[in-house]
Amino acid sequence: MTARVAAPRRHPAKPRTDEQEDRRVSGHPWFVVLPDTDAAGPVAGAAAADRPVRVVDHPSGRPWIVGSWPDGMLATGRAGDTALAVVGRHALDACALADRSGRITHVADVDKLAAGLVGSAHLIASVRGVVRVQGTVTGVRRVFSADLAGIPVAADRADLLARLLGTGPDEDRLALHLLHPHVLHPVAGLPVWRGVEALPGDSYLVLDRDRRRTVRWWTPPEPVLPMADGAPRLREALAAAVAVRTDGHHLVSCDLGGLDSTAVCALAAGRGGPVAAWTAASLDPVADDVAWAERTVAGLPGVEHHVIPAEEMPLVFGGLDDVVDGFDEPCSATVDGARWLTIARRAADRGSSVHLTGFGGDELLYGSLAHLHDLLRTEPRTALRALRGFAAKYRWPRRAVLRQLADTRPYRRWLAGVAEELTGPPPGPTEPLLEWGFRVRMPPWATPAAVASVRDQIRAAARDVEPLSPRRGQQRELETMRYLSRMTRQLGQVSGLMGIELGAPYYDDRVVEAGLAVRPADRITPWRYKPLIVAAMRGIVPDTSLDRQTKANGSGDLEPGLRRHRAELLALWEDSRLAALGLLDAAAVREACTRPLPPEMQFGVLDQVVAGEVWLRSLEHVPAPSTS
């Protein structure tokens, strides 16, 4: 079963600049999934939008998957009236998918395939006229849905569905992107386009002719494995995730900075082929990535190491327009994405088509200290010892620790409380991290209307929300993974335009499961740095690199970037688009950009508003969405 290439479909249309819109949407791989009904035919035609596309048919012969993707990205298989498709980075071929198809008679039967899928991919099934679509747990592969003239449709890009709907950005959803940090389940990550909804990563979407529904199929594992059992499982899962991306490639490239990327680089080097590793130097005098990378390379024969001098790296707030083009939502990666893309561009110039990173490692390997809240109830002696260590390490006030430990509110009530504190003083750097999530705030430049909108949306969500996990620690880990994986998704789309695929194996479902399954008492400790990855990589990563206990947080790069790019930042607030929508006091944010940020202002608080403003301006480079 192979994809066919359809000729451009011609329909009466409003004048528009195809070249500009292609650069925003069609320059990236994309696809639309249609239900098995004749009524979906016009939607397939509109999705083609006068451009050649690939089309995969349902077993019935009707269009099923319409889009544009490179060779090797999609595999399909069919048996009788069941067909399967996998889109992304995976190890399945047509024969394997055809064999699997023969054993599936209901969309729920796909659970077994999904639970064993290695890599990072969308999984799509057509079973006796019913369609199932899903992405990845963390959201690197996202699924969006909408109803187009009564036809339920899914896609991997939110702006593509908005174009088909003929809708624009939703001001209320945009207001949510002013939250700092933008990490708050379930309101963070909602599509900013009217009429478009996002599928939770733990669920699959069912398209049944004229209906769509969501079914939760994945739950996080119980964290019960001791380190002795969990470390080998993580090593196996991470090695498989790296292999599925590197097999068949002569040269691959890697980030080589912290311990997480070091593990990925070492696994890639172990495959036997050439590996080119890049480390970016920093202006921060305490940043020591280069020194540790050199130690690693000395113990990994065959790794070609490149160090980019600090003066050749873009600063924070540099190259904003280059990064954001093609994003389907505001993304805080906008403010420093040019820094990472410098590495990706050099790797592509070196001849690499796959670049591996350590994105996602912090959330999984350092873990959430909120596990100690639960651990205090089950293993009090272990929890108290760890609490004393973390309190000393991070200078937590005793009263704040006791207050958070005594807070037993369920997630709904905690979330409702967050809504009432949006304009309160921001948590300080010594605030304990034992609650359900981050105590988010609206920035001082948000208008009262924006604050009211966000408060109302959080209150509404709190009425019937369920946490991502009943465990506070897992809730925070999964929530943060979802936030940062959205940034990784956007960076991957931009690097793809350079001809290089971004690989983030720590966000793969099987790797996430392997890490979360390890006992918090073994994984989260103030006495050792990321003990799980150290145990998992013993014998693969050079021992000298496994002893590392440090990692700069990037805050030292903020002020130099603010100084160098102050003029560009100030220009953003002239005729501000966010201000025109009533969400922003442009004078207030402009004033903040004229001087060093005060110490009471949280690190990164400027990122969200810059990302939103730049993203709205980027929409003006293409015509308004059209239903034609």
# chains A, B, ... in the order shown; residues from 1 in each chain; ligands from 1
call {"tool": "closest_atom_pairs", "arguments": {"of": "segment 237-283 of chain A", "to": "segment 350-353 of chain A", "cutoff": "10 Å", "atoms": "only C-alpha atoms", "output": "tab-separated table"}}
result
residue	atom	partner	partner_atom	distance
A:Thr246	CA	A:Ser353	CA	9.6
A:His249	CA	A:Ser353	CA	7.9
A:His250	CA	A:Ser352	CA	8.4
A:Leu251	CA	A:Ser352	CA	5.6
A:Val252	CA	A:Ser352	CA	5.2
A:Ser253	CA	A:Ser352	CA	6.0
A:Cys254	CA	A:Ser352	CA	9.5
A:Val275	CA	A:Ser352	CA	9.0
A:Ala276	CA	A:Ser352	CA	8.2
call {"tool": "residues_around", "arguments": {"residues": "Thr37 of chain A", "least_positions_apart": "5", "cutoff": "12 Å", "atoms": "only C-alpha atoms", "output": "ChimeraX atom specification"}}
result
/A:42-44,57-64,126,128-131,150-153,207-211
call {"tool": "residues_around", "arguments": {"residues": "Pro309 of chain A", "least_positions_apart": "6", "cutoff": "9 Å", "atoms": "only C-alpha atoms", "output": "list of chain:residue names"}}
result
A:Thr279, A:Ala280, A:Ala281, A:Ser282
call {"tool": "closest_atom_pairs", "arguments": {"of": "segment 322-408 of chain A", "to": "segment 511-527 of chain A", "cutoff": "12 Å", "atoms": "only C-alpha atoms", "output": "CSV"}}
result
residue,atom,partner,partner_atom,distance
A:Gly360,CA,A:Val512,CA,9.2
A:Gly361,CA,A:Val512,CA,9.5
A:Asp362,CA,A:Gly515,CA,11.2
A:Glu363,CA,A:Val512,CA,9.7
A:Leu364,CA,A:Gly515,CA,6.1
A:Leu365,CA,A:Gly515,CA,7.0
A:Tyr366,CA,A:Ile524,CA,6.4
A:Gly367,CA,A:Ile524,CA,6.1
A:Ser368,CA,A:Ile524,CA,7.5
A:Leu369,CA,A:Ile524,CA,7.0
A:Ala370,CA,A:Pro520,CA,9.8
A:His371,CA,A:Pro520,CA,6.5
A:Leu372,CA,A:Pro520,CA,8.0
A:His373,CA,A:Pro520,CA,11.0
A:Asp374,CA,A:Pro520,CA,9.7
A:Leu375,CA,A:Ala521,CA,7.7
A:Leu376,CA,A:Ala521,CA,10.5
A:Thr378,CA,A:Ala521,CA,10.7
A:Glu379,CA,A:Ala521,CA,8.7
A:Pro380,CA,A:Ala521,CA,10.8
A:Arg381,CA,A:Ala521,CA,10.8
A:Thr382,CA,A:Ala521,CA,7.1
A:Ala383,CA,A:Ala521,CA,7.7
A:Leu384,CA,A:Ala521,CA,11.1
A:Arg385,CA,A:Thr525,CA,9.3
A:Ala386,CA,A:Thr525,CA,6.1
A:Leu387,CA,A:Pro526,CA,8.4
A:Arg388,CA,A:Pro526,CA,8.9
A:Gly389,CA,A:Pro526,CA,5.6
A:Phe390,CA,A:Pro526,CA,5.6
A:Ala391,CA,A:Pro526,CA,9.2
A:Ala392,CA,A:Pro526,CA,9.3
A:Lys393,CA,A:Pro526,CA,7.4
A:Tyr394,CA,A:Pro526,CA,9.8
call {"tool": "select_by_dssp", "arguments": {"residues": "segment 22-249 of chain A", "states": "helix (DSSP H, G or I)", "output": "MDAnalysis selection string"}}
result
chainID A and resid 22:26 38:48 94:101 107:116 158:165 171:176 227:246
call {"tool": "closest_atom_pairs", "arguments": {"of": "segment 498-613 of chain A", "to": "segment 87-96 of chain A", "cutoff": "12 Å", "atoms": "only C-alpha atoms", "output": "JSON lines"}}
result
{"residue": "A:Glu501", "atom": "CA", "partner": "A:Arg89", "partner_atom": "CA", "distance": 9.7}
{"residue": "A:Leu502", "atom": "CA", "partner": "A:Arg89", "partner_atom": "CA", "distance": 10.3}
{"residue": "A:Gly503", "atom": "CA", "partner": "A:Arg89", "partner_atom": "CA", "distance": 8.8}
{"residue": "A:Ala504", "atom": "CA", "partner": "A:Arg89", "partner_atom": "CA", "distance": 10.8}
{"residue": "A:Pro505", "atom": "CA", "partner": "A:Arg89", "partner_atom": "CA", "distance": 10.4}
{"residue": "A:Asp508", "atom": "CA", "partner": "A:Arg89", "partner_atom": "CA", "distance": 10.2}
{"residue": "A:Asp509", "atom": "CA", "partner": "A:His90", "partner_atom": "CA", "distance": 12.0}
call {"tool": "closest_atom_pairs", "arguments": {"of": "segment 578-618 of chain A", "to": "segment 536-560 of chain A", "cutoff": "12 Å", "atoms": "only C-alpha atoms", "output": "Markdown table"}}
result
| residue | atom | partner | partner_atom | distance |
| --- | --- | --- | --- | --- |
| A:Cys593 | CA | A:Glu559 | CA | 10.6 |
| A:Thr594 | CA | A:Glu559 | CA | 11.7 |
| A:Arg595 | CA | A:Glu559 | CA | 9.6 |
| A:Pro596 | CA | A:Glu559 | CA | 6.8 |
| A:Leu597 | CA | A:Glu559 | CA | 8.1 |
| A:Pro598 | CA | A:Glu559 | CA | 11.0 |
| A:Pro599 | CA | A:Glu559 | CA | 11.8 |
| A:Gln602 | CA | A:Ser555 | CA | 10.7 |
| A:Phe603 | CA | A:Ser555 | CA | 7.2 |
| A:Gly604 | CA | A:Ser555 | CA | 8.6 |
| A:Val605 | CA | A:Leu558 | CA | 11.3 |
| A:Leu606 | CA | A:Leu558 | CA | 10.3 |
| A:Asp607 | CA | A:Leu558 | CA | 10.5 |
call {"tool": "write_last_selection", "arguments": {"atoms": "all heavy atoms", "output": "mmCIF file, in the first residue's frame"}}
result
data_model
loop_
_atom_site.group_PDB
_atom_site.id
_atom_site.type_symbol
_atom_site.label_atom_id
_atom_site.label_comp_id
_atom_site.auth_asym_id
_atom_site.auth_seq_id
_atom_site.Cartn_x
_atom_site.Cartn_y
_atom_site.Cartn_z
ATOM 1 N N CYS A 593 11.962 47.028 28.851
ATOM 2 C CA CYS A 593 13.041 46.697 27.916
ATOM 3 C C CYS A 593 14.117 47.777 27.838
ATOM 4 O O CYS A 593 15.149 47.559 27.202
ATOM 5 C CB CYS A 593 12.475 46.461 26.519
ATOM 6 S SG CYS A 593 11.472 44.973 26.357
ATOM 7 N N THR A 594 13.884 48.929 28.472
ATOM 8 C CA THR A 594 14.864 50.013 28.396
ATOM 9 C C THR A 594 15.974 49.875 29.423
ATOM 10 O O THR A 594 16.943 50.638 29.383
ATOM 11 C CB THR A 594 14.178 51.379 28.610
ATOM 12 O OG1 THR A 594 13.587 51.412 29.912
ATOM 13 C CG2 THR A 594 13.114 51.626 27.535
ATOM 14 N N ARG A 595 15.869 48.923 30.317
ATOM 15 C CA ARG A 595 16.834 48.808 31.411
ATOM 16 C C ARG A 595 16.999 47.342 31.792
ATOM 17 O O ARG A 595 16.235 46.487 31.329
ATOM 18 C CB ARG A 595 16.334 49.603 32.617
ATOM 19 C CG ARG A 595 14.889 49.276 32.973
ATOM 20 C CD ARG A 595 14.342 50.121 34.101
ATOM 21 N NE ARG A 595 12.894 50.019 34.235
ATOM 22 C CZ ARG A 595 12.244 48.963 34.718
ATOM 23 N NH1 ARG A 595 12.922 47.905 35.126
ATOM 24 N NH2 ARG A 595 10.927 48.964 34.797
ATOM 25 N N PRO A 596 18.011 47.044 32.597
ATOM 26 C CA PRO A 596 18.140 45.660 33.072
ATOM 27 C C PRO A 596 16.891 45.231 33.836
ATOM 28 O O PRO A 596 16.271 46.035 34.534
ATOM 29 C CB PRO A 596 19.363 45.728 34.000
ATOM 30 C CG PRO A 596 20.133 46.906 33.526
ATOM 31 C CD PRO A 596 19.116 47.900 33.043
ATOM 32 N N LEU A 597 16.516 43.991 33.666
ATOM 33 C CA LEU A 597 15.327 43.508 34.361
ATOM 34 C C LEU A 597 15.586 43.469 35.864
ATOM 35 O O LEU A 597 16.651 43.031 36.314
ATOM 36 C CB LEU A 597 14.954 42.114 33.850
ATOM 37 C CG LEU A 597 14.573 42.027 32.365
ATOM 38 C CD1 LEU A 597 14.247 40.592 31.984
ATOM 39 C CD2 LEU A 597 13.384 42.934 32.051
ATOM 40 N N PRO A 598 14.632 43.921 36.664
ATOM 41 C CA PRO A 598 14.836 43.932 38.115
ATOM 42 C C PRO A 598 14.908 42.515 38.670
ATOM 43 O O PRO A 598 14.333 41.582 38.106
ATOM 44 C CB PRO A 598 13.598 44.680 38.632
ATOM 45 C CG PRO A 598 12.568 44.513 37.561
ATOM 46 C CD PRO A 598 13.319 44.463 36.271
ATOM 47 N N PRO A 599 15.606 42.334 39.783
ATOM 48 C CA PRO A 599 15.780 40.981 40.338
ATOM 49 C C PRO A 599 14.477 40.310 40.740
ATOM 50 O O PRO A 599 14.388 39.086 40.738
ATOM 51 C CB PRO A 599 16.702 41.206 41.546
ATOM 52 C CG PRO A 599 16.588 42.667 41.854
ATOM 53 C CD PRO A 599 16.324 43.352 40.560
ATOM 54 N N GLN A 602 10.836 37.461 37.360
ATOM 55 C CA GLN A 602 11.286 36.089 37.146
ATOM 56 C C GLN A 602 12.073 35.936 35.844
ATOM 57 O O GLN A 602 11.760 36.554 34.828
ATOM 58 C CB GLN A 602 10.083 35.148 37.123
ATOM 59 C CG GLN A 602 9.382 35.023 38.465
ATOM 60 C CD GLN A 602 8.130 34.181 38.344
ATOM 61 O OE1 GLN A 602 7.155 34.612 37.740
ATOM 62 N NE2 GLN A 602 8.160 32.974 38.886
ATOM 63 N N PHE A 603 13.083 35.089 35.892
ATOM 64 C CA PHE A 603 13.880 34.785 34.712
ATOM 65 C C PHE A 603 12.988 34.196 33.621
ATOM 66 O O PHE A 603 12.247 33.259 33.859
ATOM 67 C CB PHE A 603 14.985 33.786 35.090
ATOM 68 C CG PHE A 603 15.770 33.263 33.912
ATOM 69 C CD1 PHE A 603 16.422 34.132 33.061
ATOM 70 C CD2 PHE A 603 15.847 31.899 33.676
ATOM 71 C CE1 PHE A 603 17.154 33.652 31.990
ATOM 72 C CE2 PHE A 603 16.573 31.409 32.595
ATOM 73 C CZ PHE A 603 17.232 32.291 31.755
ATOM 74 N N GLY A 604 13.024 34.772 32.445
ATOM 75 C CA GLY A 604 12.246 34.275 31.325
ATOM 76 C C GLY A 604 10.884 34.915 31.168
ATOM 77 O O GLY A 604 10.155 34.575 30.232
ATOM 78 N N VAL A 605 10.503 35.853 32.057
ATOM 79 C CA VAL A 605 9.159 36.413 31.989
ATOM 80 C C VAL A 605 8.947 37.212 30.707
ATOM 81 O O VAL A 605 7.827 37.343 30.212
ATOM 82 C CB VAL A 605 8.878 37.289 33.230
ATOM 83 C CG1 VAL A 605 9.699 38.581 33.191
ATOM 84 C CG2 VAL A 605 7.397 37.606 33.352
ATOM 85 N N LEU A 606 10.036 37.728 30.128
ATOM 86 C CA LEU A 606 9.919 38.499 28.895
ATOM 87 C C LEU A 606 9.735 37.600 27.675
ATOM 88 O O LEU A 606 9.248 38.046 26.632
ATOM 89 C CB LEU A 606 11.170 39.370 28.723
ATOM 90 C CG LEU A 606 11.113 40.547 27.757
ATOM 91 C CD1 LEU A 606 10.008 41.514 28.120
ATOM 92 C CD2 LEU A 606 12.471 41.259 27.725
ATOM 93 N N ASP A 607 10.104 36.335 27.812
ATOM 94 C CA ASP A 607 10.082 35.428 26.658
ATOM 95 C C ASP A 607 8.692 35.290 26.049
ATOM 96 O O ASP A 607 8.530 35.318 24.821
ATOM 97 C CB ASP A 607 10.591 34.040 27.060
ATOM 98 C CG ASP A 607 12.041 34.057 27.522
ATOM 99 O OD1 ASP A 607 12.637 35.147 27.541
ATOM 100 O OD2 ASP A 607 12.565 32.984 27.875
#
call {"tool": "closest_residue", "arguments": {"among": "A:Ala188, A:Leu174, A:Val33, A:Ala338", "to": "Leu205 of chain A", "atoms": "only C-alpha atoms"}}
result
A:Val33
